[in-house]
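J.: Got a structure for you, entry.txt, holding compact mmCIF, C-alpha atoms and all ligand atoms.
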# COMPACT_ATOMS: atom_id res chain seq x y z
CA MET A 1 17.99 -16.64 20.42
CA PRO A 2 17.39 -19.68 18.17
CA GLN A 3 15.33 -18.88 15.12
CA GLU A 4 12.38 -21.13 16.08
CA ASP A 5 12.00 -19.37 19.43
CA LYS A 6 11.89 -15.96 17.85
CA GLU A 7 9.26 -17.09 15.36
CA GLN A 8 7.16 -18.54 18.13
CA GLY A 9 7.73 -15.46 20.30
CA SER A 10 5.18 -12.80 21.09
CA TYR A 11 4.66 -11.67 17.50
CA ASP A 12 1.98 -13.19 15.30
CA ILE A 13 3.60 -13.32 11.89
CA SER A 14 0.45 -14.72 10.32
CA ILE A 15 -0.80 -11.11 10.54
CA VAL A 16 0.65 -9.73 7.32
CA ARG A 17 -0.72 -6.21 7.69
CA PRO A 18 -1.53 -5.23 11.29
CA GLN A 19 -4.46 -2.91 11.84
CA MET A 20 -3.80 0.74 12.75
CA ARG A 21 -6.48 2.80 14.42
CA ALA A 22 -6.67 6.62 14.37
CA GLU A 23 -5.40 6.81 17.95
CA ASP A 24 -2.31 4.71 17.15
CA PHE A 25 -0.67 7.66 15.38
CA LYS A 26 1.39 9.88 17.69
CA ILE A 27 3.82 12.76 17.71
CA ARG A 28 6.95 11.14 19.16
CA GLY A 29 10.34 11.79 20.64
CA ARG A 30 10.25 15.59 20.82
CA ASP A 31 11.65 15.66 24.36
CA MET A 32 14.38 13.07 23.68
CA GLU A 33 18.09 13.82 23.96
CA PRO A 34 19.48 14.94 20.55
CA ALA A 35 21.86 11.96 20.42
CA ARG A 36 19.03 9.48 21.04
CA ARG A 37 16.86 11.19 18.41
CA ALA A 38 19.74 11.14 15.94
CA SER A 39 20.29 7.40 16.40
CA ILE A 40 16.56 6.68 16.00
CA ARG A 41 16.53 8.80 12.85
CA LYS A 42 19.45 6.90 11.38
CA GLY A 43 17.82 3.56 12.23
CA LEU A 44 14.45 4.51 10.74
CA LEU A 45 16.05 5.84 7.54
CA THR A 46 18.00 2.59 7.13
CA LEU A 47 14.94 0.41 7.70
CA HIS A 48 12.70 2.56 5.48
CA THR A 49 15.04 2.35 2.50
CA LEU A 50 15.74 -1.38 3.00
CA GLU A 51 12.02 -2.15 3.07
CA LEU A 52 11.56 -0.31 -0.23
CA MET A 53 14.22 -2.57 -1.70
CA ALA A 54 12.59 -5.68 -0.19
CA SER A 55 9.11 -4.91 -1.53
CA ASN A 56 10.58 -4.35 -4.99
CA ILE A 57 12.50 -7.64 -4.92
CA TYR A 58 9.29 -9.61 -4.37
CA LYS A 59 7.31 -7.48 -6.82
CA PHE A 60 9.78 -8.24 -9.60
CA GLN A 61 10.11 -11.92 -8.64
CA LEU A 62 6.40 -12.45 -9.25
CA THR A 63 5.21 -14.20 -12.39
CA ALA A 64 1.71 -14.87 -13.74
CA GLU A 65 2.00 -18.60 -13.02
CA ASN A 66 -0.78 -20.10 -10.89
CA CYS A 67 1.23 -21.54 -8.00
CA ASP A 68 1.81 -21.38 -4.26
CA ARG A 69 5.16 -19.62 -4.70
CA ASN A 70 3.45 -16.64 -6.31
CA ARG A 71 0.79 -16.60 -3.60
CA TYR A 72 3.51 -16.47 -0.92
CA LEU A 73 5.42 -13.83 -2.91
CA ILE A 74 2.33 -11.63 -3.05
CA ALA A 75 1.88 -11.99 0.72
CA ALA A 76 5.58 -11.21 1.29
CA MET A 77 5.36 -8.16 -1.00
CA CYS A 78 2.34 -6.94 0.98
CA ASN A 79 4.23 -7.55 4.21
CA GLU A 80 7.25 -5.52 2.97
CA MET A 81 4.96 -2.71 1.79
CA THR A 82 3.53 -2.70 5.31
CA HIS A 83 7.04 -2.50 6.80
CA TYR A 84 7.82 0.38 4.44
CA GLN A 85 4.68 2.19 5.64
CA ASP A 86 5.50 1.43 9.28
CA PHE A 87 8.88 3.15 9.06
CA GLN A 88 7.59 6.05 6.97
CA ILE A 89 4.90 6.69 9.59
CA LYS A 90 7.50 6.54 12.38
CA LEU A 91 9.84 8.93 10.52
CA TYR A 92 7.11 11.57 10.28
CA GLU A 93 5.86 10.95 13.83
CA PHE A 94 9.38 11.78 15.05
CA GLY A 95 9.51 14.86 12.81
CA PHE A 96 11.97 13.38 10.30
CA LYS A 97 11.81 13.06 6.51
CA PRO A 98 12.56 9.99 4.35
CA ASN A 99 15.84 9.68 2.48
CA PRO A 100 15.30 11.51 -0.87
CA PHE A 101 17.80 9.16 -2.52
CA ARG A 102 15.88 6.00 -1.64
CA TRP A 103 15.07 5.49 -5.33
CA ALA A 104 18.57 3.98 -5.49
CA PHE A 105 17.29 1.19 -3.22
CA TRP A 106 14.25 0.84 -5.47
CA MET A 107 16.75 0.17 -8.30
CA VAL A 108 18.72 -2.38 -6.26
CA GLY A 109 15.47 -4.16 -5.41
CA PHE A 110 14.54 -4.23 -9.08
CA VAL A 111 17.96 -5.66 -10.05
CA PHE A 112 17.80 -8.43 -7.40
CA GLY A 113 14.13 -9.18 -8.08
CA PHE A 114 14.15 -9.17 -11.87
CA GLY A 115 17.63 -10.70 -12.07
CA SER A 116 16.70 -13.67 -9.91
CA ARG A 117 13.43 -14.13 -11.78
CA MET A 118 15.41 -14.46 -15.02
CA LEU A 119 17.58 -17.16 -13.41
CA GLY A 120 14.67 -19.35 -12.30
CA VAL A 121 12.79 -20.55 -9.25
CA LYS A 122 15.80 -21.67 -7.20
CA ALA A 123 17.49 -18.30 -7.72
CA ILE A 124 14.27 -16.54 -6.65
CA LEU A 125 14.15 -18.51 -3.40
CA LYS A 126 17.90 -18.30 -2.71
CA THR A 127 17.88 -14.53 -3.27
CA GLY A 128 15.00 -14.20 -0.80
CA ILE A 129 16.85 -16.26 1.81
CA TRP A 130 20.09 -14.31 1.35
CA VAL A 131 18.51 -10.85 1.43
CA GLU A 132 16.26 -11.69 4.39
CA SER A 133 19.18 -13.17 6.36
CA LYS A 134 21.06 -9.90 5.89
CA ALA A 135 17.92 -8.02 6.93
CA VAL A 136 17.47 -10.05 10.13
CA GLU A 137 21.12 -9.34 11.06
CA HIS A 138 20.61 -5.65 10.35
CA TYR A 139 17.44 -5.56 12.45
CA ALA A 140 19.26 -7.30 15.32
CA GLU A 141 22.05 -4.73 15.23
CA LEU A 142 19.61 -1.80 15.21
CA LEU A 143 17.57 -3.34 18.03
CA GLU A 144 20.70 -3.78 20.08
CA THR A 145 22.38 -0.43 19.48
CA ILE A 146 19.41 2.01 19.43
CA ASP A 147 17.42 3.19 22.44
CA TRP A 148 13.97 2.98 20.78
CA ASP A 149 10.77 4.06 22.52
CA ASP A 150 8.69 0.99 23.45
CA GLU A 151 6.06 1.30 20.70
CA THR A 152 8.60 1.80 17.92
CA ARG A 153 10.70 -1.07 19.29
CA ARG A 154 7.69 -3.37 19.08
CA VAL A 155 7.21 -2.44 15.41
CA VAL A 156 10.89 -3.11 14.69
CA GLU A 157 10.71 -6.47 16.52
CA LYS A 158 7.49 -7.55 14.77
CA ASN A 159 8.99 -6.69 11.39
CA GLN A 160 12.18 -8.60 12.20
CA ALA A 161 10.02 -11.62 13.14
CA ASP A 162 8.26 -11.26 9.76
CA GLU A 163 11.64 -11.37 7.96
CA ASP A 164 12.49 -14.54 9.86
CA GLY A 165 9.17 -15.96 8.70
CA HIS A 166 10.06 -15.15 5.08
CA ILE A 167 13.35 -17.05 5.44
CA SER A 168 11.49 -20.12 6.77
CA ARG A 169 8.96 -19.95 3.94
CA TRP A 170 11.57 -19.74 1.17
CA ARG A 171 13.65 -22.51 2.80
CA GLN A 172 10.58 -24.71 2.88
CA LEU A 173 9.81 -24.07 -0.79
CA LEU A 174 13.45 -24.57 -1.76
CA ALA A 175 13.57 -27.92 0.08
CA ALA A 176 10.55 -29.07 -1.94
CA LYS A 177 12.37 -28.34 -5.23
FE FE B 201 10.53 -6.18 5.67
FE FE B 202 11.00 -9.80 4.43
What would the structure in this file look like if it were written as structure tokens?
T.:
Amino acid sequence: MPQEDKEQGSYDISIVRPQMRAEDFKIRGRDMEPARRASIRKGLLTLHTLELMASNIYKFQLTAENCDRNRYLIAAMCNEMTHYQDFQIKLYEFGFKPNPFRWAFWMVGFVFGFGSRMLGVKAILKTGIWVESKAVEHYAELLETIDWDDETRRVVEKNQADEDGHISRWRQLLAAK
């Protein structure tokens, strides 16, 4: 699917942090086949740890400068924190636990975020584009290979659309440089 179509698809990426009501939380997947559950668990663990890395990248790319880039970085950080919450909620709904070694991804996010910030604005934007492109590919693979339940699939698809939106934003800012 061309990138523009996906962005203009059924997901509103201008909603940075979708609302969750009390009744949206569910106990899930307890009657699923073990193999299906195992693949969902693997997918959620991957996405959960990657989102921790992503939120840290943007957090450490932020500066105190009064500019649009920082405003977009704050929104992107919030969006990644939301993705992180989304997958943590889904892990527990399915009866799984997060990866206890995810702090390693926190470190990787710090290295990419702080490292690119030291190298300047172009490096900040290029790092965002590179990491998000990898993320979109990863999301596509997990959407294709895992038999998600419909509600979880919609969360994964919305979050993938958000990552696509981040790529477009950073490309736009980079083109203006
Ligand atoms: Fe994300
Ligand atoms: Fe993103």
J.: Hey, which of A:Val136, A:Met20, A:Ile27, A:Leu62 ends up closest to A:Ser116? Count all atoms listed in the file.
T.: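 Ranked by minimum distance to A:Ser116, first place goes to A:Leu62.
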J.: Could you list the protein, DNA and RNA residues that have any atom within 12 Å of ligand FE 202 (chain B), counting all atoms listed in the file, and write them as number ranges by chain?
T.: A: 13, 16, 47, 50-58, 72-84, 127-136, 139, 158-170
J.: Could you check how far atom CA of A:Asn70 sits from atom CA of A:Val121, in Å to one decimal?
T.: 10.5 Å
J.: Identify which of the residues A:His48, A:Lys26, A:Arg71, A:Arg36 lies closest to A:Pro98, counting all atoms listed in the file when measuring atom-to-atom distances.
T.: A:His48
J.: Using all atoms listed in the file, which residue out of A:Phe25, A:Trp148, A:Phe87, A:Tyr92 lies closest to ligand FE 201 (chain B)?
T.: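 Checking each of A:Phe25, A:Trp148, A:Phe87, A:Tyr92 against ligand FE 201 (chain B), counting all atoms listed in the file, the winner is A:Phe87.
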